[in-house]
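Trainee: Encoded as structure tokens, here's the structure I'll be asking about.
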Amino acid sequence: MLGVGIPSRKGRSIDVFGLLVISGILVLLMAGRTVEPSWRIILGGIGFLDAALAATWILGLPGVPVLILARAALGLVLGLGLMFTLGLATGLILCLLAMALGIAALPRARLPLLLILPGAFYLLVFFAFAVGIIAVISFLKRGPYGGIRWVFVLENYQRALDPLYVQIILMSLWIALVTTGLCLLIGYPVAYAMARAPARWRNTLLILIMIPFWTNFLVRTLALMFVLRSDGPINGLLMASGLIQEPLSLLFTQNAVILGLVYGELPFMILPLYATLERFDFSLVEAAHDLGANEWQAFRRVIWPLTLPGVLAGSTLVFIPSVGAFITPDLLGGAKTMMIGNVIQYQFLTVRHWPFGSALSLILMAMVLVATMIYLRVGGRERVL
Amino acid sequence: MVFAVELRKVSKHFGEVEAVHQVSLQIRDGEFFSLLGPSGCGKTTTLRMIAGFERPTEGEIYIKGERMNDVPPFHRPVNTVFQHYALFPHMTVFENVAFGLEMKRLPRDEIRRRVEEALRLVRLSGLENRYPQQLSGGQQQRVALARALVNRPAVLLLDEPLGALDLKLRKEMQLELKTLQHQIGITFIYVTHDQEEAMTMSDRIAVMNQGRVLQVGTPVEIYEHPATRFVADFIGETNFLDGRVVDLEGGMARVEIEGFPVFAAPSGAIHRGQTVTVAIRPERIHLCAEEPGDTPNRYPGVIEEVIYIGTDTLFRIRVGERLGLRVRMQNRDGSASVYRYQTGAPIWVAWLPESARVLTE
């Protein structure tokens, strides 16, 4: 994915990414052989500024506004984002060093900041930065032998609007939606029963839910293939009982994909639901019954709204990987059922059309984002505590 | 006579454990009735069976003359104020109170009218749009009360509703509940482990222990004529003196205790030679500097301890070799008692025969 070779495309990539990385490396190593000597001083200086900014911010020293202004001015000039992160990390290391040496003490108010820094750093580098690369590539042209050409185009997005791809995208959304619905339908009663089970059984039940995870996902999906085959046990049983004469073609259908997805994602629905239901105060149900609510009314008016956070969490956890799934539709859907994940995989690995694959990835991400936001907005209307 | 609630030999088993054993109660219409006992005595289980949350293993439950054993809680004409209120956290005060009426599918404007009326009754008008967690404990308690009362139940069940409040607020709420109950005339069944609370509020009290009802009576009956040693001990403070009946004359029993003759009124049939316990409340024992002449129960002793607690002073008096008595004296003359009675000083203790009770169990 990091086809944007820094040394090879010096002139162009340095002002976009290379500059950021190199400046960080400069800060860290205090030396650089990848850029011209005149740049070293400037980049090193900026890196130091970031480190100093982080240090003053974390340690709560005065002078932060001035430094931030200075950094913002430089950022405007050079558009440096990643270096800021690297500078921050350097500053953090410097701070820790200072604290270890006893030169500085950590103000208590800064502790939360210190704790989120590693996570934020990780996400920035491996998520924001990576997505940024994909976003850039999606606007470029495919090179003659795979790879990319640095020409800004919109053709990848135009191509994604082709009915062929729109249909695949819509079907992926539909399959994910059905999967989420089925997981909820199956998972909610299971989670409910687990939460109502005697406390000494709950851990056992939880382990039973998680046991399938001890087996590799691929192995489990392959096993499903054997179960669904025309000469598999299901068809065998149905034939032997005389219910059918011809074996049903279960495998390589959309339903097989949904079955596989539900099977794979179900625990991700059950676990957050269980966590919510386990904390649920069931005396509220008694209160509802006491006030004249029957079983359904008590569920609808009290249990459901109060467990909605778990429903939303579980649904999100199931929906998002389902939309982008590619192993399950590949193995269980065969050639007939292709999901957007398969197309992306195909573009990247087989056709080697990275720009188009990137565009599809971004469209998928945008749709998941929009769907999740709508979902949360709808769910958010009920007051969730 | 149709009772508001009647229990006929109701028992409840949880597996091997018998939480309630053969409880029979008859609770009259409009009565403030308390179930009093230590924790685990079965009082809450009894209440939950009346509410319908537990099914009795044996026996029958009637509400307003109708058998309720197979009626689910949402079809019973009772409402409950739960121990921790069990207010719906996702609903406003208004929505909480309106819940029961909505379940009855009443028209919207009637619901509004009745909810407002109920909130006025518990003095919470103006807080309709708050959420329960934005209210103080006392306010939450009132919401729970309004939410139950708005349905105009035949019987209101209260499960230690004041348990979570601080002492001062609890005392206030006790009187308020009592007044409220008078005002609306609904039968209250009140579960508590606080004997003072039960005494303050109840028309009648059922004292329970180990799943059994030991005594049912008015606060006066329970305090003045406890049926068993447990009741006498649980309600208020009592000196228990173990002895043997040596004589019965003129309705009075003469009991020999540690070599001293004690005259007391028997609470049931007793016979000569029987081993009994004489119960005497600390505040019924008088302290005299000189030998009093007006009662046969007078004994010389020694002051062992003097404890001043403000309203009263408590004494520990040793009579003879092994007899210890707790005595409570009201401080009507201020702290004079503390200075008048010194530890180690000789003293006379005396009480009227009718102040003491002879208990056989």
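By convention in this document, the chains of the structure tokens carry letters A, B, ... by their order, each chain's residues are numbered from 1, and ligands are numbered from 1 in the order they are shown.
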Return as a VMD selection string the residues belonging to chain B that are within 9 Å of chain A, counting only C-alpha atoms.
Mentor: chain B and resid 51 to 53 72 to 76 78 to 82 84 to 91 99 to 104 147 to 148 151
Trainee: Determine which residues of region 165-318 of chain B receive a DSSP assignment of strand (DSSP E), computed from the backbone, and state them as a ChimeraX atom specification.
Mentor: /B:187-192,204-209,212-217,239-249,252-257,260-266,275-280,286-288,297-308,312-318
Trainee: Hey, what's within 6 Å of region 243-259 of chain A if we count only C-alpha atoms and toss same-chain stuff fewer than 2 positions away? As a list in words, please?
Mentor: Thr179, Leu228, Arg229, Ser230, Asn235, Leu238, Met239, Ser241, Leu261, Val262, Pro329, Leu332, Gly333, Gly334 and Thr337 of chain A
Trainee: Could you state the separation of CA of Glu116 (chain B) and CA of Thr307 (chain A) in Å, given to one decimal place?
Mentor: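 Atom-to-atom, CA of Glu116 (chain B) and CA of Thr307 (chain A) are spaced 29.4 Å apart.
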Trainee: Running DSSP on the backbone, which parts of region 179-218 of chain B land in alpha helix (DSSP H), as a list in words?
Mentor: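 Those in region 179-218 of chain B that DSSP calls alpha helix (DSSP H) are Thr179, Leu180, Gln181, His182, Gln183, Ile184, Gln195, Glu196, Glu197, Ala198, Met199, Thr200 and Met201 of chain B.
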Trainee: Excluding same-chain residues fewer than 3 positions from Arg130 (chain B), what lies within 6 Å of it counting only C-alpha atoms, as a list in words?
Mentor: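 My reading of the contact set: Thr92, Val93 and Leu127 of chain B.
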Trainee: Excluding same-chain residues fewer than 5 positions from Thr46 (chain B), what lies within 9 Å of it counting only C-alpha atoms, as a list of chain:residue names?
Mentor: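 Everything that qualifies: B:Val10, B:Ser11, B:Lys12, B:Ala19, B:Val20, B:Val23, B:Leu35, B:Ala51, B:Glu54, B:Pro56, B:Gly211.
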Trainee: Counting only C-alpha atoms, what is within 8 Å of region 306-320 of chain B, bar same-chain residues fewer than 4 positions away, as a list in words?
Mentor: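 So the residues in contact are Glu258, Tyr299, Pro300, Gly301, Val302, Gly324, Leu325, Arg326, Val327, Arg328, Met329, Gln330, Asn331, Ser335, Ser337, Val338, Tyr341, Gln342 and Thr343 of chain B.
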Trainee: Restricted to C-alpha atoms, what would the selected residues look like written as a PDB file, in the first residue's frame?
Mentor:
ATOM      1  CA  GLU B 258     -32.493 -16.244  91.825  1.00  0.00           C
ATOM      2  CA  TYR B 299     -35.382  -5.448  95.875  1.00  0.00           C
ATOM      3  CA  PRO B 300     -32.193  -3.915  97.181  1.00  0.00           C
ATOM      4  CA  GLY B 301     -29.393  -3.588  94.686  1.00  0.00           C
ATOM      5  CA  VAL B 302     -26.248  -1.740  93.678  1.00  0.00           C
ATOM      6  CA  GLY B 324     -28.748  -7.759  86.437  1.00  0.00           C
ATOM      7  CA  LEU B 325     -31.470  -5.258  85.539  1.00  0.00           C
ATOM      8  CA  ARG B 326     -31.542  -2.494  82.955  1.00  0.00           C
ATOM      9  CA  VAL B 327     -33.486   0.547  84.133  1.00  0.00           C
ATOM     10  CA  ARG B 328     -34.456   3.595  82.110  1.00  0.00           C
ATOM     11  CA  MET B 329     -35.364   6.875  83.753  1.00  0.00           C
ATOM     12  CA  GLN B 330     -36.710   9.897  81.939  1.00  0.00           C
ATOM     13  CA  ASN B 331     -34.745  13.065  82.620  1.00  0.00           C
ATOM     14  CA  SER B 335     -29.331  15.831  84.328  1.00  0.00           C
ATOM     15  CA  SER B 337     -30.251  11.775  87.931  1.00  0.00           C
ATOM     16  CA  VAL B 338     -26.626  11.559  86.872  1.00  0.00           C
ATOM     17  CA  TYR B 341     -27.235   8.213  91.446  1.00  0.00           C
ATOM     18  CA  GLN B 342     -23.601   7.239  91.650  1.00  0.00           C
ATOM     19  CA  THR B 343     -21.946   4.062  90.484  1.00  0.00           C
TER      20      THR B 343
END
Trainee: For the atom pair CA of Arg196 (chain A) and CA of Thr276 (chain A), what is the interatomic distance in Å to one decimal place?
Mentor: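 These two atoms are separated by 12.0 Å.
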Trainee: Measure the distance from CA of Pro355 (chain A) to CA of Tyr122 (chain A) in Å and round it to one decimal.
Mentor: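 Interatomic distance here is 25.1 Å.
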